[in-house]
file protein-v7.txt (compact mmCIF, C-alpha atoms)
# COMPACT_ATOMS: atom_id res chain seq x y z
CA MET H 133 -41.92 -210.41 64.88
CA ASN H 134 -40.62 -213.79 63.89
CA ASP H 135 -37.10 -214.13 65.31
CA ARG H 136 -35.77 -216.52 62.72
CA ALA H 137 -36.75 -214.63 59.59
CA ARG H 138 -34.01 -212.52 58.07
CA VAL H 139 -35.14 -209.03 57.19
CA LEU H 140 -33.26 -206.52 55.05
CA VAL H 141 -34.18 -202.86 55.06
CA ILE H 142 -33.22 -201.38 51.69
CA VAL H 143 -32.62 -197.64 51.74
CA PRO H 144 -32.29 -196.10 48.26
CA ALA H 145 -30.39 -192.83 48.64
CA PHE H 146 -29.47 -190.07 46.23
CA ASP H 147 -27.60 -187.13 47.80
CA GLU H 148 -29.04 -187.80 51.24
CA GLU H 149 -26.03 -187.28 53.53
CA GLU H 150 -28.04 -184.93 55.75
CA SER H 151 -31.01 -187.12 56.57
CA LEU H 152 -29.54 -190.60 56.08
CA PRO H 153 -27.66 -190.90 59.42
CA ARG H 154 -30.78 -190.28 61.48
CA THR H 155 -32.84 -192.64 59.32
CA LEU H 156 -30.28 -195.42 59.84
CA ASP H 157 -30.05 -194.74 63.58
CA GLU H 158 -33.83 -194.85 63.90
CA VAL H 159 -34.06 -198.20 62.12
CA ARG H 160 -31.35 -199.64 64.37
CA ALA H 161 -33.15 -198.33 67.44
CA VAL H 162 -36.55 -199.72 66.44
CA ALA H 163 -35.42 -203.01 64.94
CA PRO H 164 -31.92 -204.02 66.04
CA ALA H 165 -32.34 -207.47 64.50
CA VAL H 166 -32.85 -206.35 60.92
CA ASP H 167 -29.99 -205.75 58.50
CA LEU H 168 -29.62 -202.56 56.53
CA LEU H 169 -28.43 -201.84 53.01
CA VAL H 170 -27.95 -198.40 51.54
CA VAL H 171 -28.13 -198.26 47.75
CA ASP H 172 -26.28 -195.09 46.83
CA ASP H 173 -27.78 -194.19 43.48
CA GLY H 174 -24.90 -192.17 42.08
CA SER H 175 -24.75 -189.54 44.82
CA ARG H 176 -22.23 -186.73 44.58
CA ASP H 177 -22.22 -185.98 48.30
CA GLY H 178 -21.10 -188.01 51.30
CA THR H 179 -24.08 -190.39 51.32
CA ALA H 180 -21.88 -193.49 51.10
CA GLN H 181 -19.44 -192.24 53.77
CA VAL H 182 -22.11 -191.45 56.37
CA ALA H 183 -23.62 -194.89 55.88
CA ARG H 184 -20.26 -196.67 56.10
CA ALA H 185 -19.41 -194.67 59.22
CA ARG H 186 -22.38 -196.43 60.81
CA GLY H 187 -21.22 -199.83 59.65
CA VAL H 188 -24.03 -200.12 57.12
CA PRO H 189 -23.08 -201.81 53.83
CA VAL H 190 -23.32 -199.53 50.82
CA VAL H 191 -23.70 -200.47 47.17
CA ARG H 192 -22.74 -197.50 45.03
CA HIS H 193 -24.21 -197.20 41.56
CA PRO H 194 -21.73 -195.63 39.14
CA LEU H 195 -24.72 -193.91 37.47
CA ASN H 196 -28.08 -192.66 38.65
CA LEU H 197 -30.52 -195.47 37.90
CA GLY H 198 -33.59 -194.04 39.63
CA VAL H 199 -35.70 -195.38 42.51
CA GLY H 200 -36.70 -198.52 40.62
CA GLY H 201 -33.10 -199.26 39.67
CA ALA H 202 -31.97 -198.80 43.27
CA LEU H 203 -34.73 -201.03 44.58
CA GLU H 204 -33.84 -203.75 42.10
CA THR H 205 -30.24 -203.65 43.31
CA GLY H 206 -31.51 -204.08 46.86
CA PHE H 207 -33.57 -207.09 45.76
CA ARG H 208 -30.55 -208.67 44.10
CA TRP H 209 -28.56 -208.22 47.30
CA ALA H 210 -31.37 -209.62 49.44
CA VAL H 211 -31.90 -212.70 47.25
CA GLU H 212 -28.17 -213.45 46.97
CA ARG H 213 -27.74 -213.22 50.71
CA GLY H 214 -30.79 -215.26 51.56
CA TYR H 215 -33.09 -212.69 53.14
CA ASP H 216 -36.73 -213.65 53.68
CA VAL H 217 -38.23 -210.18 53.56
CA GLY H 218 -37.07 -206.90 52.04
CA VAL H 219 -38.36 -203.53 53.17
CA GLN H 220 -38.11 -200.42 51.05
CA LEU H 221 -37.58 -197.32 53.17
CA ASP H 222 -36.80 -193.77 52.04
CA ALA H 223 -33.60 -192.15 53.26
CA ASP H 224 -35.14 -188.71 53.69
CA GLY H 225 -36.99 -189.42 56.93
CA GLN H 226 -40.52 -189.52 55.48
CA HIS H 227 -40.88 -193.13 56.54
CA ASP H 228 -40.93 -193.57 60.30
CA PRO H 229 -39.23 -196.88 61.17
CA ALA H 230 -41.64 -197.14 64.11
CA TRP H 231 -44.07 -198.59 61.53
CA LEU H 232 -41.65 -201.35 60.52
CA PRO H 233 -43.26 -204.06 62.67
CA ALA H 234 -46.73 -203.19 61.32
CA LEU H 235 -45.40 -203.45 57.78
CA LEU H 236 -43.38 -206.62 58.35
CA ASP H 237 -45.81 -208.71 60.35
CA PRO H 238 -48.29 -209.57 57.55
CA VAL H 239 -45.45 -210.63 55.22
CA LEU H 240 -43.65 -212.61 57.93
CA ALA H 241 -46.93 -214.30 58.85
CA GLY H 242 -47.43 -215.26 55.21
CA ALA H 243 -50.68 -213.29 55.00
CA CYS H 244 -49.48 -211.38 51.94
CA ASP H 245 -46.49 -210.99 49.62
CA VAL H 246 -46.39 -207.22 49.42
CA CYS H 247 -47.35 -204.98 52.30
CA ILE H 248 -47.79 -201.32 51.45
CA GLY H 249 -47.56 -198.59 54.04
CA SER H 250 -50.47 -196.39 53.03
CA ARG H 251 -50.99 -192.74 53.92
CA TYR H 252 -54.64 -193.03 52.98
CA ALA H 253 -55.78 -196.36 54.38
CA ALA H 254 -56.76 -194.41 57.48
CA ALA H 255 -57.07 -190.70 58.22
CA THR H 256 -53.45 -189.84 58.92
CA GLY H 257 -53.50 -186.13 58.27
CA TYR H 258 -51.20 -186.42 55.25
CA HIS H 259 -51.82 -183.65 52.75
CA ALA H 260 -50.48 -183.47 49.22
CA PRO H 261 -50.84 -180.59 46.75
CA VAL H 262 -54.11 -180.78 44.77
CA LEU H 263 -52.53 -181.84 41.47
CA ARG H 264 -50.41 -184.52 43.05
CA ARG H 265 -53.35 -185.74 45.10
CA SER H 266 -55.56 -186.05 42.01
CA GLY H 267 -52.82 -188.02 40.27
CA MET H 268 -52.56 -190.29 43.27
CA LEU H 269 -56.33 -190.80 43.27
CA LEU H 270 -56.27 -191.62 39.56
CA PHE H 271 -53.67 -194.33 39.98
CA ALA H 272 -55.24 -195.66 43.16
CA GLY H 273 -58.55 -195.95 41.27
CA LEU H 274 -56.88 -197.57 38.29
CA VAL H 275 -55.01 -200.15 40.35
CA SER H 276 -58.03 -200.86 42.56
CA ALA H 277 -60.27 -201.41 39.52
CA ALA H 278 -57.68 -203.55 37.77
CA LEU H 279 -57.00 -205.75 40.77
CA HIS H 280 -60.53 -205.84 42.22
CA GLN H 281 -58.95 -204.82 45.49
CA ARG H 282 -58.93 -201.47 47.21
CA ILE H 283 -55.46 -199.93 47.02
CA THR H 284 -55.32 -196.38 48.36
CA ASP H 285 -51.65 -195.49 48.05
CA THR H 286 -49.84 -196.70 44.93
CA THR H 287 -47.02 -194.17 45.25
CA SER H 288 -45.99 -195.15 48.74
CA GLY H 289 -42.33 -196.11 48.78
CA PHE H 290 -42.67 -197.72 52.21
CA ARG H 291 -43.30 -201.40 51.50
CA ALA H 292 -42.32 -204.89 52.56
CA TYR H 293 -41.75 -207.62 49.95
CA SER H 294 -41.54 -211.37 50.40
CA ARG H 295 -38.58 -213.30 49.06
CA ALA H 296 -40.67 -214.71 46.20
CA VAL H 297 -41.51 -211.19 45.05
CA MET H 298 -37.87 -210.12 45.21
CA GLU H 299 -36.83 -213.15 43.17
CA VAL H 300 -39.32 -212.36 40.43
CA CYS H 301 -38.38 -208.67 40.41
CA GLN H 302 -34.76 -209.47 39.70
CA HIS H 303 -35.61 -210.61 36.20
CA ASP H 304 -38.69 -208.68 35.32
CA PHE H 305 -39.02 -205.28 36.87
CA PRO H 306 -40.94 -202.23 35.67
CA GLU H 307 -38.46 -199.42 35.32
CA ASP H 308 -38.17 -195.86 36.58
CA PHE H 309 -40.93 -195.64 39.16
CA PRO H 310 -41.80 -198.80 41.09
CA ASP H 311 -45.41 -197.76 41.63
CA ALA H 312 -48.75 -198.62 40.01
CA PRO H 313 -47.29 -200.77 37.17
CA LEU H 314 -45.25 -202.81 39.65
CA LEU H 315 -48.28 -203.44 41.87
CA ILE H 316 -50.39 -204.50 38.88
CA ALA H 317 -47.64 -206.73 37.50
CA LEU H 318 -47.14 -208.41 40.87
CA ALA H 319 -50.85 -208.95 41.50
CA ARG H 320 -51.22 -210.41 38.00
CA ARG H 321 -48.56 -212.92 38.88
CA GLY H 322 -50.66 -214.07 41.79
CA PHE H 323 -48.90 -212.20 44.58
CA ARG H 324 -51.16 -210.94 47.34
CA LEU H 325 -51.04 -207.26 48.20
CA ARG H 326 -52.12 -205.70 51.42
CA GLU H 327 -52.13 -202.19 52.81
CA VAL H 328 -51.52 -201.10 56.35
CA ALA H 329 -52.10 -197.56 57.54
CA VAL H 330 -48.97 -195.58 58.34
CA VAL H 331 -48.31 -191.96 59.19
CA MET H 332 -45.66 -190.32 57.04
CA ARG H 333 -43.55 -187.37 58.07
CA GLU H 334 -42.17 -184.42 56.17
CA ARG H 335 -38.88 -185.02 54.44
CA ARG H 336 -35.98 -183.79 56.56
CA ALA H 337 -33.62 -182.65 53.82
CA GLY H 338 -32.65 -183.29 50.25
CA ARG H 339 -34.82 -183.19 47.17
CA SER H 340 -37.69 -185.41 46.16
CA PHE H 341 -37.02 -188.02 43.52
CA TYR H 342 -40.06 -186.60 41.79
CA THR H 343 -38.83 -183.30 40.39
CA LEU H 344 -40.72 -180.92 38.12
CA GLY H 345 -39.72 -182.55 34.85
CA LYS H 346 -40.61 -185.94 36.22
CA SER H 347 -43.97 -184.69 37.50
CA LEU H 348 -45.05 -184.36 33.87
CA TYR H 349 -43.37 -187.55 32.73
CA TYR H 350 -44.56 -189.58 35.71
CA PRO H 351 -48.31 -189.72 34.93
CA TYR H 352 -47.70 -190.53 31.27
CA LYS H 353 -45.15 -193.23 31.98
CA ASN H 354 -47.12 -194.81 34.80
CA LEU H 355 -50.38 -194.77 32.89
CA LEU H 356 -48.86 -196.43 29.84
CA ALA H 357 -46.88 -198.93 31.88
CA SER H 358 -49.97 -199.77 33.96
CA LEU H 359 -52.05 -200.44 30.86
CA MET H 360 -49.26 -202.57 29.40
CA ALA H 361 -49.01 -204.50 32.67
CA LEU H 362 -52.74 -205.19 32.38
CA LEU H 363 -52.41 -206.36 28.79
CA GLN H 364 -49.70 -208.86 29.63
CA ARG H 365 -50.94 -212.37 30.13
CA PRO H 366 -51.01 -213.45 33.77
CA VAL H 367 -48.15 -215.83 34.46
CA MET J 78 -31.44 -198.15 -23.15
CA HIS J 79 -33.12 -194.78 -22.88
CA PHE J 80 -31.41 -191.76 -21.41
CA LEU J 81 -31.88 -191.05 -17.76
CA SER J 82 -33.67 -187.88 -16.74
CA LYS J 83 -31.89 -185.19 -14.71
CA THR J 84 -33.73 -186.25 -11.54
CA GLN J 85 -32.66 -189.83 -12.02
CA ILE J 86 -29.02 -188.82 -12.40
CA ILE J 87 -29.19 -186.81 -9.15
CA ALA J 88 -30.87 -189.74 -7.39
CA ALA J 89 -28.23 -192.11 -8.73
CA ALA J 90 -25.40 -189.88 -7.53
CA GLY J 91 -27.08 -189.59 -4.13
CA ALA J 92 -27.57 -193.34 -3.78
CA VAL J 93 -23.99 -194.10 -4.82
CA ALA J 94 -22.63 -191.47 -2.41
CA LEU J 95 -24.73 -192.87 0.44
CA VAL J 96 -23.60 -196.43 -0.18
CA LEU J 97 -19.97 -195.31 -0.39
CA LEU J 98 -20.31 -193.35 2.86
CA VAL J 99 -21.87 -196.34 4.62
CA LEU J 100 -19.19 -198.72 3.35
CA ASP J 101 -16.46 -196.30 4.38
CA LEU J 102 -17.95 -196.04 7.87
CA VAL J 103 -17.92 -199.84 8.09
CA ARG J 104 -14.30 -199.90 6.88
CA ARG J 105 -13.32 -197.41 9.60
CA ARG J 106 -15.23 -199.47 12.20
CA LYS J 107 -17.55 -196.57 12.98
CA LEU J 108 -20.60 -198.53 11.86
CA SER J 109 -21.36 -202.18 12.42
CA GLU J 110 -22.21 -204.44 9.50
CA GLU J 111 -25.62 -204.93 11.04
CA TYR J 112 -26.63 -201.29 10.73
CA ALA J 113 -24.85 -200.97 7.40
CA LEU J 114 -27.18 -203.64 6.02
CA LEU J 115 -30.14 -201.50 7.02
CA TRP J 116 -28.78 -198.52 5.10
CA VAL J 117 -27.60 -200.44 2.08
CA VAL J 118 -30.95 -202.18 1.69
CA SER J 119 -32.94 -198.97 2.04
CA THR J 120 -30.66 -197.15 -0.38
CA ALA J 121 -30.97 -200.00 -2.86
CA GLY J 122 -34.74 -199.84 -2.53
CA MET J 123 -34.71 -196.13 -3.25
CA ALA J 124 -32.37 -196.65 -6.20
CA VAL J 125 -34.71 -199.22 -7.72
CA LEU J 126 -37.61 -196.81 -7.43
CA GLY J 127 -35.47 -194.05 -8.94
CA PHE J 128 -34.16 -195.92 -11.96
CA ALA J 129 -36.68 -198.55 -12.87
CA THR J 130 -39.31 -196.12 -14.19
CA PRO J 131 -41.78 -198.96 -15.06
CA VAL J 132 -41.53 -200.30 -11.50
CA LEU J 133 -42.12 -196.83 -10.08
CA ARG J 134 -45.10 -196.32 -12.43
CA PHE J 135 -46.55 -199.69 -11.49
CA VAL J 136 -46.21 -199.07 -7.73
CA THR J 137 -47.67 -195.57 -8.12
CA ARG J 138 -50.73 -196.86 -10.01
CA ALA J 139 -51.18 -199.79 -7.62
CA LEU J 140 -51.23 -197.49 -4.59
CA GLY J 141 -53.52 -194.99 -6.30
CA ILE J 142 -50.94 -192.19 -6.05
CA VAL J 143 -51.12 -189.42 -8.65
CA LEU J 144 -47.51 -188.36 -8.99
CA GLU J 145 -44.52 -190.70 -9.20
CA THR J 146 -42.47 -188.32 -7.04
CA SER J 147 -44.93 -188.80 -4.16
CA THR J 148 -44.25 -192.54 -4.27
CA VAL J 149 -40.52 -191.91 -3.91
CA PHE J 150 -41.08 -189.53 -0.99
CA ALA J 151 -43.52 -191.92 0.69
CA ALA J 152 -41.04 -194.79 0.37
CA GLY J 153 -38.26 -192.62 1.77
CA LEU J 154 -40.43 -191.62 4.70
CA ALA J 155 -41.39 -195.23 5.35
CA PHE J 156 -37.74 -196.30 5.38
CA THR J 157 -36.82 -193.44 7.70
CA THR J 158 -39.64 -194.27 10.10
CA GLY J 159 -38.64 -197.92 10.10
CA VAL J 160 -35.02 -197.10 10.84
CA LEU J 161 -35.98 -194.71 13.65
CA ILE J 162 -38.27 -197.23 15.32
CA TYR J 163 -35.58 -199.87 15.03
CA LEU J 164 -33.07 -197.48 16.62
CA SER J 165 -35.49 -196.63 19.47
CA VAL J 166 -35.89 -200.33 20.21
CA ARG J 167 -32.14 -200.84 20.20
CA LEU J 168 -31.68 -197.79 22.43
CA THR J 169 -34.20 -199.15 24.93
CA ARG J 170 -32.39 -202.46 25.03
CA LEU J 171 -29.03 -200.76 25.42
CA GLY J 172 -30.38 -198.66 28.30
CA ARG J 173 -31.60 -201.78 30.04
CA GLU J 174 -28.33 -203.59 29.49
CA ASN J 175 -26.47 -200.54 30.71
CA GLN J 176 -28.50 -200.54 33.93
CA THR J 177 -27.84 -204.24 34.50
CA LEU J 178 -24.12 -203.71 34.01
CA ALA J 179 -24.06 -200.70 36.34
CA ARG J 180 -25.83 -202.76 39.01
CA GLU J 181 -23.48 -205.71 38.57
CA LEU J 182 -20.50 -203.37 38.76
CA ALA J 183 -21.82 -201.76 41.95
CA LEU J 184 -22.37 -205.14 43.63
CA LEU J 185 -18.94 -206.39 42.58
CA ARG J 186 -17.26 -203.22 43.75
CA HIS J 187 -18.83 -203.64 47.15
CA ASP J 188 -17.61 -207.23 47.42
CA LEU J 189 -14.16 -206.28 46.20
CA GLU J 190 -13.81 -203.52 48.78
CA ALA J 191 -15.07 -205.87 51.50
CA LEU J 192 -12.51 -208.50 50.47
CA ARG J 193 -9.72 -205.93 50.37
CA GLY J 194 -10.70 -204.71 53.82
CA ALA J 195 -10.74 -208.26 55.17
CA ALA J 196 -7.33 -208.98 53.63
CA ALA J 197 -5.83 -205.78 55.05
CA ALA J 198 -7.24 -206.17 58.57
CA PRO J 199 -5.29 -208.40 60.94
CA PRO J 200 -7.06 -211.67 61.77
CA GLY J 201 -9.49 -211.38 64.63
CA ALA J 202 -9.97 -207.64 64.25
CA ALA J 203 -13.52 -206.39 64.38
CA GLY J 204 -14.95 -206.06 60.88
CA GLY J 205 -16.30 -202.70 59.83
CA GLU J 206 -19.35 -203.92 57.98
CA ARG J 207 -21.99 -206.44 58.76
CA ALA J 208 -22.59 -207.73 55.26
call {"tool": "encode", "arguments": {"input": "protein-v7.txt", "output": "structure tokens"}}
result
Amino acid sequence: MNDRARVLVIVPAFDEEESLPRTLDEVRAVAPAVDLLVVDDGSRDGTAQVARARGVPVVRHPLNLGVGGALETGFRWAVERGYDVGVQLDADGQHDPAWLPALLDPVLAGACDVCIGSRYAAATGYHAPVLRRSGMLLFAGLVSAALHQRITDTTSGFRAYSRAVMEVCQHDFPEDFPDAPLLIALARRGFRLREVAVVMRERRAGRSFYTLGKSLYYPYKNLLASLMALLQRPV
Amino acid sequence: MHFLSKTQIIAAAGAVALVLLVLDLVRRRKLSEEYALLWVVSTAGMAVLGFATPVLRFVTRALGIVLETSTVFAAGLAFTTGVLIYLSVRLTRLGRENQTLARELALLRHDLEALRGAAAAPPGAAGGERA
């Protein structure tokens, strides 16, 4: 890794007091040089306290703004404080920080602007329920066709973003779920995407952001937002 | 001037009551002038259709509608749809603004707490956060 570049790992967290400490410790162990930020998205448990106890800065949303809202807050923080790269990493332990260097290197080297940690870029043994998997395939196909580039994992929340991407996202950011529409919007703005294969683990504790109600809303919202992102003129 | 039909009197009373309600809401600061305009204009439009029988007849013929009453209902539905779409747009914008404010508040609160901590700690003491 480039020693001079400043890297911020953004951890959006909603009621994650159980799994957050280990996630933070793991990041520190793997990459002592990177800074951490926990975006507490309106938690009602001790998420903020466990992060502060580890000396990690916490920004606490007064309301629940969702994953996208939390990520945008992390981008604001990163841009204001002059970070070169921002990494999105789940608090629940699904994302193994051991893959951080693999995710960071292409962005630090300037080979791409967004690096996605993909469960499907290589056979990693990740299995999702049939319905969820078919949804994932649909969006992967949609994004790949739209961008003329093979993207296998649009729902991965394990990504690295260059400073330029974070700057753009501050002003113009697809809401709710930062998935397929975000990737399309970024690619249409000329940002280069790349996937690297990662192995994801089972969540340690807490609930998924994608609950039952959202599992119906998610495909609708993402499909519409993706089509709208395609209809917008490239900037 | 010819006498108004029973329906027209009911429509007139309804329109007047609606305008009075809207104006009263504005007076009590429960409704902004901006939204009041929306309601006053739509009520006025309905009143015109209700009273000016020749206008209503003309519009009905022009649109190929059989009954005059259908024209009134169609206009009412169109106004309602317009108002609802307008409100949805405003709601979306408000939601977005709300999110921006919540984010700004969260960032400021962090900085405020950090400043307070720095002011409270004696100089040279190890800081709690690496921000």
call {"tool": "atom_distance", "arguments": {"input": "protein-v7.txt", "atom1": "atom CA of J:Tyr112", "atom2": "atom CA of J:Leu100"}}
result
10.8 Å
call {"tool": "residues_around", "arguments": {"input": "protein-v7.txt", "residues": "H:Ala254", "least_positions_apart": "3", "cutoff": "12 Å", "atoms": "only C-alpha atoms", "output": "list in words"}}
result
Gly249, Ser250, Arg251, Gly257, Tyr258, Ile283, Thr284, Asp285, Glu327, Val328, Ala329, Val330, Val331 and Met332 of chain H
call {"tool": "atom_distance", "arguments": {"input": "protein-v7.txt", "atom1": "atom CA of J:Ala151", "atom2": "atom CA of J:Met123"}}
result
10.5 Å
call {"tool": "atom_distance", "arguments": {"input": "protein-v7.txt", "atom1": "atom CA of H:Pro194", "atom2": "atom CA of H:Gly174"}}
result
5.5 Å
call {"tool": "residues_around", "arguments": {"input": "protein-v7.txt", "residues": "stretch 156-172 of chain J", "least_positions_apart": "5", "cutoff": "12 Å", "atoms": "all atoms listed in the file", "output": "CSV table (one decimal) with C-alpha atoms, in the frame of the given file"}}
result
chain,number,residue,atom,x,y,z
H,195,LEU,CA,-24.7,-193.9,37.5
H,197,LEU,CA,-30.5,-195.5,37.9
H,201,GLY,CA,-33.1,-199.3,39.7
H,307,GLU,CA,-38.5,-199.4,35.3
H,308,ASP,CA,-38.2,-195.9,36.6
J,111,GLU,CA,-25.6,-204.9,11.0
J,112,TYR,CA,-26.6,-201.3,10.7
J,113,ALA,CA,-24.8,-201.0,7.4
J,114,LEU,CA,-27.2,-203.6,6.0
J,115,LEU,CA,-30.1,-201.5,7.0
J,116,TRP,CA,-28.8,-198.5,5.1
J,117,VAL,CA,-27.6,-200.4,2.1
J,118,VAL,CA,-31.0,-202.2,1.7
J,119,SER,CA,-32.9,-199.0,2.0
J,120,THR,CA,-30.7,-197.2,-0.4
J,121,ALA,CA,-31.0,-200.0,-2.9
J,122,GLY,CA,-34.7,-199.8,-2.5
J,123,MET,CA,-34.7,-196.1,-3.2
J,149,VAL,CA,-40.5,-191.9,-3.9
J,150,PHE,CA,-41.1,-189.5,-1.0
J,151,ALA,CA,-43.5,-191.9,0.7
J,177,THR,CA,-27.8,-204.2,34.5
J,178,LEU,CA,-24.1,-203.7,34.0
J,179,ALA,CA,-24.1,-200.7,36.3
call {"tool": "interface_residues", "arguments": {"input": "protein-v7.txt", "of": "chain H", "to": "chain J", "cutoff": "12 Å", "atoms": "all atoms listed in the file", "output": "PyMOL selection string"}}
result
chain H and resi 140+165-174+180+183-198+200-210+212-215+302-308
call {"tool": "residues_near_point", "arguments": {"input": "protein-v7.txt", "point": "(-29.5, -190.9, 50.6)", "cutoff": "10 Å", "atoms": "only C-alpha atoms", "output": "MDAnalysis selection string"}}
result
chainID H and resid 143:153 155 170:175 177:180 182:183 222:225 337:339
call {"tool": "decode", "arguments": {"input": "protein-v7.txt", "residues": "stretch 129-141 of chain J", "atoms": "N, CA and C atoms", "output": "mmCIF file, in the first residue's frame"}}
result
data_model
loop_
_atom_site.group_PDB
_atom_site.id
_atom_site.type_symbol
_atom_site.label_atom_id
_atom_site.label_comp_id
_atom_site.auth_asym_id
_atom_site.auth_seq_id
_atom_site.Cartn_x
_atom_site.Cartn_y
_atom_site.Cartn_z
ATOM 1 N N ALA J 129 -71.185 29.357 -14.128
ATOM 2 C CA ALA J 129 -71.303 29.812 -15.508
ATOM 3 C C ALA J 129 -71.760 28.645 -16.373
ATOM 4 N N THR J 130 -73.074 28.416 -16.391
ATOM 5 C CA THR J 130 -73.653 27.293 -17.135
ATOM 6 C C THR J 130 -73.214 27.275 -18.602
ATOM 7 N N PRO J 131 -73.162 28.437 -19.298
ATOM 8 C CA PRO J 131 -72.705 28.408 -20.703
ATOM 9 C C PRO J 131 -71.266 27.907 -20.828
ATOM 10 N N VAL J 132 -70.405 28.323 -19.880
ATOM 11 C CA VAL J 132 -69.013 27.876 -19.916
ATOM 12 C C VAL J 132 -68.955 26.366 -19.746
ATOM 13 N N LEU J 133 -69.725 25.872 -18.757
ATOM 14 C CA LEU J 133 -69.751 24.434 -18.498
ATOM 15 C C LEU J 133 -70.237 23.677 -19.730
ATOM 16 N N ARG J 134 -71.323 24.218 -20.360
ATOM 17 C CA ARG J 134 -71.875 23.561 -21.566
ATOM 18 C C ARG J 134 -70.830 23.525 -22.668
ATOM 19 N N PHE J 135 -70.151 24.664 -22.844
ATOM 20 C CA PHE J 135 -69.162 24.771 -23.911
ATOM 21 C C PHE J 135 -68.029 23.754 -23.694
ATOM 22 N N VAL J 136 -67.510 23.712 -22.463
ATOM 23 C CA VAL J 136 -66.402 22.789 -22.159
ATOM 24 C C VAL J 136 -66.854 21.346 -22.368
ATOM 25 N N THR J 137 -68.097 21.062 -21.917
ATOM 26 C CA THR J 137 -68.621 19.701 -22.045
ATOM 27 C C THR J 137 -68.704 19.269 -23.512
ATOM 28 N N ARG J 138 -69.274 20.165 -24.347
ATOM 29 C CA ARG J 138 -69.355 19.865 -25.789
ATOM 30 C C ARG J 138 -67.957 19.671 -26.369
ATOM 31 N N ALA J 139 -67.063 20.619 -26.043
ATOM 32 C CA ALA J 139 -65.727 20.625 -26.633
ATOM 33 C C ALA J 139 -64.979 19.324 -26.325
ATOM 34 N N LEU J 140 -65.206 18.789 -25.127
ATOM 35 C CA LEU J 140 -64.491 17.567 -24.736
ATOM 36 C C LEU J 140 -65.246 16.318 -25.152
ATOM 37 N N GLY J 141 -66.457 16.510 -25.733
ATOM 38 C CA GLY J 141 -67.227 15.354 -26.170
ATOM 39 C C GLY J 141 -67.834 14.579 -25.018
#
